>>> print(open('entry14.cif').read())   # mmCIF, C-alpha atoms
data_structure
#
loop_
_atom_site.group_PDB
_atom_site.id
_atom_site.type_symbol
_atom_site.label_atom_id
_atom_site.label_comp_id
_atom_site.auth_asym_id
_atom_site.auth_seq_id
_atom_site.Cartn_x
_atom_site.Cartn_y
_atom_site.Cartn_z
ATOM 1 C CA MET J 1 117.732 100.941 33.969
ATOM 2 C CA GLU J 2 114.553 102.892 33.305
ATOM 3 C CA PHE J 3 113.685 102.536 36.988
ATOM 4 C CA LEU J 4 117.041 104.004 38.007
ATOM 5 C CA SER J 5 116.646 106.878 35.582
ATOM 6 C CA ASP J 6 113.263 107.718 37.154
ATOM 7 C CA LEU J 7 114.646 107.829 40.715
ATOM 8 C CA PRO J 8 115.734 111.509 40.651
ATOM 9 C CA GLY J 9 112.297 112.614 39.479
ATOM 10 C CA THR J 10 110.554 110.424 42.038
ATOM 11 C CA TRP J 11 112.773 111.747 44.818
ATOM 12 C CA GLN J 12 112.080 115.326 43.801
ATOM 13 C CA ALA J 13 108.334 114.678 43.777
ATOM 14 C CA LEU J 14 108.442 113.129 47.249
ATOM 15 C CA SER J 15 110.556 115.991 48.541
ATOM 16 C CA ALA J 16 108.100 118.514 47.137
ATOM 17 C CA GLN J 17 105.172 116.696 48.771
ATOM 18 C CA ALA J 18 106.971 116.520 52.118
ATOM 19 C CA SER J 19 107.902 120.188 51.911
ATOM 20 C CA GLY J 20 104.322 121.145 51.127
ATOM 21 C CA PHE J 21 103.023 118.986 53.983
ATOM 22 C CA PHE J 22 105.309 120.580 56.571
ATOM 23 C CA ASP J 23 104.617 124.063 55.242
ATOM 24 C CA ARG J 24 100.927 123.446 55.807
ATOM 25 C CA TYR J 25 100.912 121.395 58.990
ATOM 26 C CA GLY J 26 104.379 121.892 60.498
ATOM 27 C CA SER J 27 103.371 124.656 62.921
ATOM 28 C CA LEU J 28 100.225 122.747 63.922
ATOM 29 C CA LEU J 29 102.182 119.589 64.719
ATOM 30 C CA ALA J 30 104.842 121.585 66.575
ATOM 31 C CA GLN J 31 102.183 123.237 68.718
ATOM 32 C CA GLY J 32 100.541 119.872 69.390
ATOM 33 C CA THR J 33 103.879 118.378 70.399
ATOM 34 C CA VAL J 34 104.571 121.197 72.865
ATOM 35 C CA GLU J 35 101.053 120.956 74.313
ATOM 36 C CA SER J 36 101.344 117.188 74.784
ATOM 37 C CA ILE J 37 104.727 117.441 76.502
ATOM 38 C CA VAL J 38 103.624 120.342 78.728
ATOM 39 C CA MET J 39 100.372 118.752 79.914
ATOM 40 C CA THR J 40 102.049 115.396 80.475
ATOM 41 C CA GLY J 41 105.104 116.874 82.189
ATOM 42 C CA ILE J 42 103.136 119.072 84.591
ATOM 43 C CA ALA J 43 100.705 116.264 85.436
ATOM 44 C CA THR J 44 103.629 113.879 86.040
ATOM 45 C CA LEU J 45 105.324 116.310 88.451
ATOM 46 C CA ILE J 46 102.157 116.991 90.447
ATOM 47 C CA ALA J 47 101.129 113.323 90.462
ATOM 48 C CA TYR J 48 104.593 112.262 91.601
ATOM 49 C CA ALA J 49 104.517 114.759 94.461
ATOM 50 C CA ILE J 50 101.149 113.388 95.612
ATOM 51 C CA GLY J 51 101.981 109.766 94.874
ATOM 52 C CA LEU J 52 105.324 109.972 96.663
ATOM 53 C CA VAL J 53 103.625 110.997 99.907
ATOM 54 C CA ALA J 54 100.926 108.346 99.490
ATOM 55 C CA GLY J 55 103.467 105.652 98.636
ATOM 56 C CA VAL J 56 105.620 106.468 101.659
ATOM 57 C CA ALA J 57 102.511 106.402 103.856
ATOM 58 C CA LEU J 58 101.591 102.969 102.496
ATOM 59 C CA VAL J 59 105.044 101.581 103.279
ATOM 60 C CA VAL J 60 105.300 103.161 106.720
ATOM 61 C CA THR J 61 101.819 102.103 107.881
ATOM 62 C CA ALA J 62 101.872 98.636 106.286
ATOM 63 C CA PRO J 63 101.838 95.555 108.520
ATOM 64 C CA GLY J 64 105.367 95.276 109.868
ATOM 65 C CA GLY J 65 106.160 98.841 108.759
ATOM 66 C CA LEU J 66 107.961 101.536 110.706
ATOM 67 C CA LYS J 67 104.677 102.919 112.070
ATOM 68 C CA GLU J 68 102.230 100.093 111.549
ATOM 69 C CA ASN J 69 98.653 101.333 111.343
ATOM 70 C CA ARG J 70 96.262 98.897 109.735
ATOM 71 C CA ALA J 71 93.363 101.367 109.603
ATOM 72 C CA VAL J 72 95.332 104.020 107.704
ATOM 73 C CA TYR J 73 96.927 101.430 105.440
ATOM 74 C CA THR J 74 93.590 99.808 104.603
ATOM 75 C CA VAL J 75 91.754 103.078 103.888
ATOM 76 C CA LEU J 76 94.612 104.557 101.855
ATOM 77 C CA GLY J 77 95.065 101.342 99.896
ATOM 78 C CA TRP J 78 91.345 101.190 99.193
ATOM 79 C CA ILE J 79 91.324 104.764 97.859
ATOM 80 C CA VAL J 80 94.350 104.082 95.654
ATOM 81 C CA ASN J 81 92.823 100.914 94.238
ATOM 82 C CA LEU J 82 89.455 102.589 93.686
ATOM 83 C CA VAL J 83 90.842 105.466 91.608
ATOM 84 C CA ARG J 84 93.151 103.145 89.669
ATOM 85 C CA SER J 85 90.234 100.934 88.704
ATOM 86 C CA VAL J 86 88.313 103.737 86.939
ATOM 87 C CA PRO J 87 89.057 103.835 83.166
ATOM 88 C CA PHE J 88 90.665 107.139 82.232
ATOM 89 C CA ILE J 89 88.147 108.131 79.566
ATOM 90 C CA ILE J 90 85.321 107.706 82.114
ATOM 91 C CA LEU J 91 87.225 109.616 84.786
ATOM 92 C CA LEU J 92 87.980 112.351 82.272
ATOM 93 C CA VAL J 93 84.283 112.991 81.656
ATOM 94 C CA ALA J 94 83.059 112.313 85.192
ATOM 95 C CA ILE J 95 85.215 114.970 86.860
ATOM 96 C CA ILE J 96 84.577 117.760 84.340
ATOM 97 C CA PRO J 97 82.776 119.848 87.034
ATOM 98 C CA LEU J 98 85.771 119.414 89.373
ATOM 99 C CA THR J 99 88.174 120.311 86.583
ATOM 100 C CA ARG J 100 86.241 123.493 85.843
ATOM 101 C CA LEU J 101 86.188 124.336 89.537
ATOM 102 C CA ILE J 102 89.960 123.981 89.860
ATOM 103 C CA VAL J 103 91.267 125.491 86.605
ATOM 104 C CA GLY J 104 88.184 127.257 85.231
ATOM 105 C CA THR J 105 87.881 125.135 82.087
ATOM 106 C CA SER J 106 87.677 121.525 80.972
ATOM 107 C CA LEU J 107 89.298 122.176 77.583
ATOM 108 C CA GLY J 108 92.851 122.591 76.384
ATOM 109 C CA VAL J 109 96.023 121.910 78.335
ATOM 110 C CA PRO J 110 94.734 123.191 81.719
ATOM 111 C CA GLY J 111 91.619 121.051 81.429
ATOM 112 C CA ALA J 112 93.695 117.913 80.803
ATOM 113 C CA ILE J 113 96.145 118.364 83.676
ATOM 114 C CA VAL J 114 93.565 117.769 86.431
ATOM 115 C CA PRO J 115 92.267 114.357 85.241
ATOM 116 C CA LEU J 116 95.771 113.280 84.239
ATOM 117 C CA THR J 117 97.035 114.087 87.728
ATOM 118 C CA ILE J 118 94.159 112.311 89.446
ATOM 119 C CA THR J 119 94.538 109.161 87.383
ATOM 120 C CA ALA J 120 98.343 109.097 87.767
ATOM 121 C CA ALA J 121 98.711 109.793 91.500
ATOM 122 C CA PRO J 122 97.449 106.332 92.627
ATOM 123 C CA PHE J 123 99.633 104.679 89.992
ATOM 124 C CA VAL J 124 102.657 106.591 91.305
ATOM 125 C CA ALA J 125 101.749 105.625 94.878
ATOM 126 C CA ARG J 126 101.973 101.940 93.984
ATOM 127 C CA VAL J 127 105.226 102.482 92.061
ATOM 128 C CA VAL J 128 106.740 104.261 95.071
ATOM 129 C CA GLU J 129 105.456 101.583 97.441
ATOM 130 C CA GLN J 130 107.060 98.868 95.322
ATOM 131 C CA SER J 131 110.346 100.786 95.041
ATOM 132 C CA LEU J 132 110.619 101.398 98.784
ATOM 133 C CA SER J 133 109.632 97.830 99.622
ATOM 134 C CA GLU J 134 112.609 96.553 97.607
ATOM 135 C CA VAL J 135 115.134 98.357 99.833
ATOM 136 C CA ASP J 136 117.252 95.931 101.876
ATOM 137 C CA GLY J 137 115.666 95.518 105.291
ATOM 138 C CA GLY J 138 119.129 95.231 106.823
ATOM 139 C CA LEU J 139 119.774 98.888 106.032
ATOM 140 C CA VAL J 140 116.609 99.891 107.869
ATOM 141 C CA GLU J 141 117.555 97.770 110.883
ATOM 142 C CA ALA J 142 121.028 99.294 110.901
ATOM 143 C CA ALA J 143 119.567 102.805 110.901
ATOM 144 C CA GLN J 144 117.226 101.871 113.738
ATOM 145 C CA SER J 145 120.132 100.497 115.763
ATOM 146 C CA PHE J 146 121.815 103.904 115.472
ATOM 147 C CA GLY J 147 118.695 105.561 116.881
ATOM 148 C CA ALA J 148 117.381 107.113 113.647
ATOM 149 C CA ASN J 149 113.756 108.216 113.787
ATOM 150 C CA THR J 150 111.103 107.340 111.225
ATOM 151 C CA PHE J 151 111.567 110.526 109.172
ATOM 152 C CA ALA J 152 115.329 110.033 108.960
ATOM 153 C CA ILE J 153 114.934 106.403 107.922
ATOM 154 C CA VAL J 154 112.443 107.300 105.208
ATOM 155 C CA VAL J 155 114.563 110.140 103.783
ATOM 156 C CA LYS J 156 118.103 108.857 104.263
ATOM 157 C CA VAL J 157 117.541 105.132 103.760
ATOM 158 C CA LEU J 158 114.328 104.241 101.925
ATOM 159 C CA LEU J 159 114.141 107.161 99.491
ATOM 160 C CA ARG J 160 117.887 107.458 99.008
ATOM 161 C CA GLU J 161 118.369 103.783 98.221
ATOM 162 C CA SER J 162 115.389 103.664 95.865
ATOM 163 C CA VAL J 163 116.236 106.759 93.783
ATOM 164 C CA PRO J 164 117.137 104.785 90.605
ATOM 165 C CA SER J 165 113.877 102.843 90.830
ATOM 166 C CA LEU J 166 111.942 106.060 91.461
ATOM 167 C CA VAL J 167 113.512 107.666 88.389
ATOM 168 C CA ARG J 168 112.453 104.700 86.265
ATOM 169 C CA GLY J 169 109.022 105.025 87.803
ATOM 170 C CA ALA J 170 108.896 108.691 86.806
ATOM 171 C CA SER J 171 109.715 107.875 83.182
ATOM 172 C CA LEU J 172 107.131 105.087 83.230
ATOM 173 C CA THR J 173 104.551 107.515 84.618
ATOM 174 C CA PHE J 174 105.333 110.056 81.897
ATOM 175 C CA VAL J 175 105.014 107.438 79.166
ATOM 176 C CA THR J 176 101.709 106.181 80.580
ATOM 177 C CA LEU J 177 100.303 109.691 80.938
ATOM 178 C CA PHE J 178 101.437 110.624 77.455
ATOM 179 C CA GLY J 179 99.142 107.923 76.106
ATOM 180 C CA PHE J 180 96.309 109.186 78.305
ATOM 181 C CA ALA J 181 96.975 112.759 77.132
ATOM 182 C CA ALA J 182 96.512 111.614 73.546
ATOM 183 C CA MET J 183 93.252 109.978 74.605
ATOM 184 C CA ALA J 184 92.144 113.251 76.193
ATOM 185 C CA GLY J 185 92.220 114.785 72.721
ATOM 186 C CA ALA J 186 88.845 113.143 72.191
ATOM 187 C CA VAL J 187 87.267 115.780 74.449
ATOM 188 C CA GLY J 188 89.214 118.784 73.194
ATOM 189 C CA ALA J 189 92.256 118.603 75.472
ATOM 190 C CA GLY J 190 94.609 119.666 72.692
ATOM 191 C CA GLY J 191 97.943 118.117 71.819
ATOM 192 C CA LEU J 192 98.807 115.453 69.283
ATOM 193 C CA GLY J 193 95.792 113.327 70.210
ATOM 194 C CA ASP J 194 93.439 116.165 69.355
ATOM 195 C CA ILE J 195 95.214 116.694 66.019
ATOM 196 C CA ALA J 196 95.039 112.999 65.156
ATOM 197 C CA ILE J 197 91.307 112.908 65.900
ATOM 198 C CA ARG J 198 90.306 116.200 64.249
ATOM 199 C CA TYR J 199 92.378 115.781 61.112
ATOM 200 C CA GLY J 200 93.094 112.082 60.802
ATOM 201 C CA TYR J 201 89.715 110.714 61.887
ATOM 202 C CA GLN J 202 87.116 113.426 61.310
ATOM 203 C CA ARG J 203 88.623 114.808 58.088
ATOM 204 C CA TYR J 204 90.126 111.548 56.783
ATOM 205 C CA GLN J 205 93.614 113.071 56.469
ATOM 206 C CA THR J 206 95.685 109.956 56.980
ATOM 207 C CA ASP J 207 98.994 111.770 56.470
ATOM 208 C CA VAL J 208 98.341 114.117 59.409
ATOM 209 C CA MET J 209 97.298 111.253 61.668
ATOM 210 C CA LEU J 210 100.368 109.257 60.676
ATOM 211 C CA ALA J 211 102.634 112.227 61.418
ATOM 212 C CA ALA J 212 101.010 112.646 64.851
ATOM 213 C CA VAL J 213 101.489 108.948 65.619
ATOM 214 C CA VAL J 214 105.151 109.055 64.580
ATOM 215 C CA LEU J 215 105.736 112.066 66.828
ATOM 216 C CA CYS J 216 104.041 110.300 69.741
ATOM 217 C CA VAL J 217 106.231 107.226 69.301
ATOM 218 C CA ALA J 218 109.397 109.336 69.031
ATOM 219 C CA ILE J 219 108.595 111.326 72.195
ATOM 220 C CA VAL J 220 107.765 108.210 74.210
ATOM 221 C CA GLN J 221 110.975 106.485 73.123
ATOM 222 C CA ALA J 222 113.049 109.572 73.908
ATOM 223 C CA PHE J 223 111.689 109.966 77.442
ATOM 224 C CA GLN J 224 111.939 106.256 78.178
ATOM 225 C CA MET J 225 115.570 106.205 77.071
ATOM 226 C CA LEU J 226 116.283 109.357 79.087
ATOM 227 C CA GLY J 227 114.777 107.796 82.210
ATOM 228 C CA ASP J 228 116.734 104.552 81.801
ATOM 229 C CA PHE J 229 119.976 106.447 81.134
ATOM 230 C CA THR J 230 119.518 108.693 84.189
ATOM 231 C CA ALA J 231 118.664 105.740 86.434
ATOM 232 C CA ARG J 232 121.825 103.889 85.365
ATOM 233 C CA LYS J 233 123.988 106.937 85.979
ATOM 234 C CA ILE J 234 122.749 107.520 89.544
ATOM 235 C CA ASP J 235 122.611 103.857 90.557
ATOM 236 C CA HIS J 236 125.574 103.454 92.895
ATOM 237 C CA ARG J 237 125.047 99.687 92.901
ATOM 238 C CA SER J 238 126.080 99.412 89.238
#
>>> encode(input="entry14.cif", output="structure tokens")
Amino acid sequence: MEFLSDLPGTWQALSAQASGFFDRYGSLLAQGTVESIVMTGIATLIAYAIGLVAGVALVVTAPGGLKENRAVYTVLGWIVNLVRSVPFIILLVAIIPLTRLIVGTSLGVPGAIVPLTITAAPFVARVVEQSLSEVDGGLVEAAQSFGANTFAIVVKVLLRESVPSLVRGASLTFVTLFGFAAMAGAVGAGGLGDIAIRYGYQRYQTDVMLAAVVLCVAIVQAFQMLGDFTARKIDHRS
């Protein structure tokens, strides 16, 4: 009974602590959340544009593809595999001169977009390649029998039929890059990763780090669910 009688006071104390925490760090966490979403979103869009072209090229020039070209396929595949094999934290530091050349700085949101894009584009290329390769070959043969050229087959058959898979790939790319964006906070890229490192690690403020982690988990779950929901809605095979 004494425990129950103490509950109102305990609840009020916790509420006061939470209110004080958000008064002090609420704007900081909100800014970090926006920065993380912006840098990840922009990098995902640019990487998907590059990776889509590379993925289509891999499928078209692959052995048995619409325009088989072993030389192009081998070189492009080698480049994709090479960039994918470099750990992100190493790539992040190694291309600082290139990042400064492109955006004028290696810090903050602009400085994170370049390495995020470079590390994601090869990943997207393989996702696109896999998605297009899963399209029923009978549809391609039917389009060829009607005299469709390579461009028409790619756009109206391969890409159109693989849209649900490509949407899932986009959400997967965003989730992957969001984790990399948090890692980029170690070199001053901003966002929730930077907040977790500066406050949670360097200043031993566990509550701030925990709040940043919870926000990261919530954002990742939200975008993953959004991608899955969108893919189900546009999948005409369902």
>>> closest_residue(input="entry14.cif", among="J:Leu92, J:Ile219, J:Ile118, J:Ile197", to="Ser106 of chain J", atoms="all atoms listed in the file")
J:Leu92
>>> atom_distance(input="entry14.cif", atom1="atom CA of Gly179 of chain J", atom2="atom CA of Val86 of chain J")
15.9 Å
>>> atom_distance(input="entry14.cif", atom1="atom CA of Met183 of chain J", atom2="atom CA of Gly227 of chain J")
22.9 Å
>>> closest_residue(input="entry14.cif", among="J:Val213, J:Ala182, J:Ala30, J:Ala57", to="Leu132 of chain J", atoms="all atoms listed in the file")
J:Ala57
>>> closest_atom_pairs(input="entry14.cif", of="segment 111-157 of chain J", to="segment 66-85 of chain J", cutoff="9 Å", atoms="all atoms listed in the file", output="Markdown table")
| residue | atom | partner | partner_atom | distance |
| --- | --- | --- | --- | --- |
| J:Ile118 | CA | J:Val83 | CA | 7.9 |
| J:Thr119 | CA | J:Arg84 | CA | 6.6 |
| J:Ala120 | CA | J:Arg84 | CA | 8.1 |
| J:Ala121 | CA | J:Val80 | CA | 8.3 |
| J:Pro122 | CA | J:Val80 | CA | 4.9 |
| J:Phe123 | CA | J:Arg84 | CA | 6.7 |
| J:Ala125 | CA | J:Val80 | CA | 7.6 |
| J:Arg126 | CA | J:Val80 | CA | 8.1 |
| J:Thr150 | CA | J:Leu66 | CA | 6.6 |
| J:Ile153 | CA | J:Leu66 | CA | 8.9 |
>>> residues_around(input="entry14.cif", residues="Thr105 of chain J", least_positions_apart="6", cutoff="12 Å", atoms="all atoms listed in the file", output="number ranges by chain")
J: 95-99, 111-114, 188-189
>>> closest_residue(input="entry14.cif", among="J:Leu91, J:Ile50, J:Val34, J:Leu45", to="Phe180 of chain J", atoms="all atoms listed in the file")
J:Leu91
>>> closest_atom_pairs(input="entry14.cif", of="segment 100-214 of chain J", to="segment 35-43 of chain J", cutoff="7 Å", atoms="all atoms listed in the file", output="Markdown table")
| residue | atom | partner | partner_atom | distance |
| --- | --- | --- | --- | --- |
| J:Val109 | CA | J:Met39 | CA | 5.6 |
| J:Ala112 | CA | J:Met39 | CA | 6.8 |
| J:Ile113 | CA | J:Ala43 | CA | 5.3 |
| J:Leu116 | CA | J:Ala43 | CA | 5.9 |
| J:Thr117 | CA | J:Ala43 | CA | 4.8 |
| J:Phe174 | CA | J:Thr40 | CA | 6.4 |
| J:Leu177 | CA | J:Thr40 | CA | 6.0 |
| J:Phe178 | CA | J:Thr40 | CA | 5.7 |
| J:Ala181 | CA | J:Thr40 | CA | 6.6 |
| J:Gly190 | CA | J:Glu35 | CA | 6.8 |
| J:Gly191 | CA | J:Ser36 | CA | 4.6 |
| J:Leu192 | CA | J:Ser36 | CA | 6.3 |
>>> resolve_selection(input="entry14.cif", expression="the PyMOL selection byres ((chain J and resi 25) around 12)", output="list in words")
Ala18, Ser19, Gly20, Phe21, Phe22, Asp23, Arg24, Gly26, Ser27, Leu28, Leu29, Ala30, Gln31, Gly32, Ile195, Ala196, Tyr199, Gln205, Asp207, Val208, Met209, Ala211 and Ala212 of chain J
>>> closest_residue(input="entry14.cif", among="J:Leu226, J:Leu107, J:Ile234, J:Pro164", to="Val187 of chain J", atoms="only C-alpha atoms")
J:Leu107
>>> axis_aligned_box(input="entry14.cif", around="segment 218-230 of chain J", padding_each_side="6 Å", output="AutoDock Vina command-line options")
--center_x 113.9 --center_y 107.9 --center_z 76.6 --size_x 24.2 --size_y 18.8 --size_z 27.2
>>> atom_distance(input="entry14.cif", atom1="atom CA of Gly147 of chain J", atom2="atom CA of Thr61 of chain J")
19.4 Å
>>> closest_residue(input="entry14.cif", among="J:Gln144, J:Val53, J:Val128, J:Gly108", to="Gly193 of chain J", atoms="only C-alpha atoms")
J:Gly108
>>> residues_around(input="entry14.cif", residues="Arg232 of chain J", least_positions_apart="6", cutoff="12 Å", atoms="only C-alpha atoms", output="list of chain:residue names")
J:Val163, J:Pro164, J:Ser165, J:Leu166, J:Val167, J:Arg168, J:Met225, J:Leu226, J:Ser238
>>> closest_residue(input="entry14.cif", among="J:Gly104, J:Lys156, J:Tyr48, J:Ser171", to="Ala222 of chain J", atoms="only C-alpha atoms")
J:Ser171
>>> decode(input="entry14.cif", residues="segment 97-181 of chain J", atoms="C-alpha atoms", output="short mmCIF file (atom, residue, chain, number, x, y, z; two decimals), in the first residue's frame")
data_model
loop_
_atom_site.label_atom_id
_atom_site.label_comp_id
_atom_site.auth_asym_id
_atom_site.auth_seq_id
_atom_site.Cartn_x
_atom_site.Cartn_y
_atom_site.Cartn_z
CA PRO J 97 39.87 15.87 -50.53
CA LEU J 98 37.28 14.81 -53.13
CA THR J 99 34.45 15.77 -50.81
CA ARG J 100 35.95 19.22 -50.29
CA LEU J 101 36.42 19.59 -54.03
CA ILE J 102 32.78 18.78 -54.76
CA VAL J 103 30.91 20.53 -51.93
CA GLY J 104 33.59 22.79 -50.45
CA THR J 105 33.67 21.13 -47.03
CA SER J 106 34.06 17.73 -45.41
CA LEU J 107 31.94 18.62 -42.36
CA GLY J 108 28.23 18.78 -41.68
CA VAL J 109 25.43 17.51 -43.88
CA PRO J 110 27.04 18.49 -47.23
CA GLY J 111 30.28 16.77 -46.27
CA ALA J 112 28.44 13.52 -45.47
CA ILE J 113 26.38 13.33 -48.65
CA VAL J 114 29.35 12.68 -50.96
CA PRO J 115 30.79 9.62 -49.16
CA LEU J 116 27.30 8.29 -48.45
CA THR J 117 26.45 8.50 -52.15
CA ILE J 118 29.69 6.86 -53.24
CA THR J 119 29.34 3.97 -50.82
CA ALA J 120 25.64 3.43 -51.65
CA ALA J 121 25.72 3.61 -55.46
CA PRO J 122 27.44 0.19 -55.93
CA PHE J 123 25.09 -1.35 -53.37
CA VAL J 124 22.11 0.03 -55.30
CA ALA J 125 23.58 -1.27 -58.57
CA ARG J 126 23.58 -4.81 -57.20
CA VAL J 127 20.06 -4.40 -55.78
CA VAL J 128 18.81 -3.20 -59.17
CA GLU J 129 20.65 -5.99 -60.97
CA GLN J 130 19.04 -8.58 -58.70
CA SER J 131 15.58 -7.02 -59.10
CA LEU J 132 15.76 -6.92 -62.89
CA SER J 133 17.18 -10.43 -63.10
CA GLU J 134 14.10 -11.77 -61.30
CA VAL J 135 11.74 -10.56 -64.05
CA ASP J 136 10.16 -13.45 -65.98
CA GLY J 137 12.22 -14.10 -69.08
CA GLY J 138 9.04 -14.97 -70.97
CA LEU J 139 7.95 -11.34 -70.78
CA VAL J 140 11.23 -10.23 -72.34
CA GLU J 141 10.90 -12.80 -75.12
CA ALA J 142 7.34 -11.69 -75.77
CA ALA J 143 8.44 -8.07 -76.09
CA GLN J 144 11.23 -9.08 -78.46
CA SER J 145 8.76 -11.02 -80.61
CA PHE J 146 6.74 -7.81 -81.00
CA GLY J 147 9.85 -6.01 -82.24
CA ALA J 148 10.56 -3.92 -79.12
CA ASN J 149 14.05 -2.45 -78.97
CA THR J 150 16.40 -2.69 -76.01
CA PHE J 151 15.37 0.66 -74.49
CA ALA J 152 11.67 -0.22 -74.67
CA ILE J 153 12.27 -3.63 -73.10
CA VAL J 154 14.27 -2.12 -70.25
CA VAL J 155 11.72 0.62 -69.51
CA LYS J 156 8.41 -1.10 -70.23
CA VAL J 157 9.25 -4.65 -69.15
CA LEU J 158 12.26 -4.93 -66.83
CA LEU J 159 11.84 -1.73 -64.82
CA ARG J 160 8.05 -1.79 -64.84
CA GLU J 161 7.81 -5.37 -63.62
CA SER J 162 10.44 -4.86 -60.92
CA VAL J 163 9.03 -1.64 -59.41
CA PRO J 164 7.90 -3.28 -56.12
CA SER J 165 11.33 -4.86 -55.67
CA LEU J 166 13.02 -1.55 -56.51
CA VAL J 167 10.90 0.24 -53.90
CA ARG J 168 11.94 -2.30 -51.27
CA GLY J 169 15.50 -1.78 -52.41
CA ALA J 170 15.14 1.97 -51.93
CA SER J 171 13.92 1.53 -48.35
CA LEU J 172 16.74 -0.93 -47.70
CA THR J 173 19.24 1.57 -49.09
CA PHE J 174 17.86 4.33 -46.86
CA VAL J 175 18.05 2.13 -43.78
CA THR J 176 21.62 1.09 -44.59
CA LEU J 177 22.73 4.66 -45.26
CA PHE J 178 21.05 5.89 -42.10
CA GLY J 179 23.38 3.66 -40.12
CA PHE J 180 26.36 4.94 -42.11
CA ALA J 181 25.20 8.54 -41.54
#
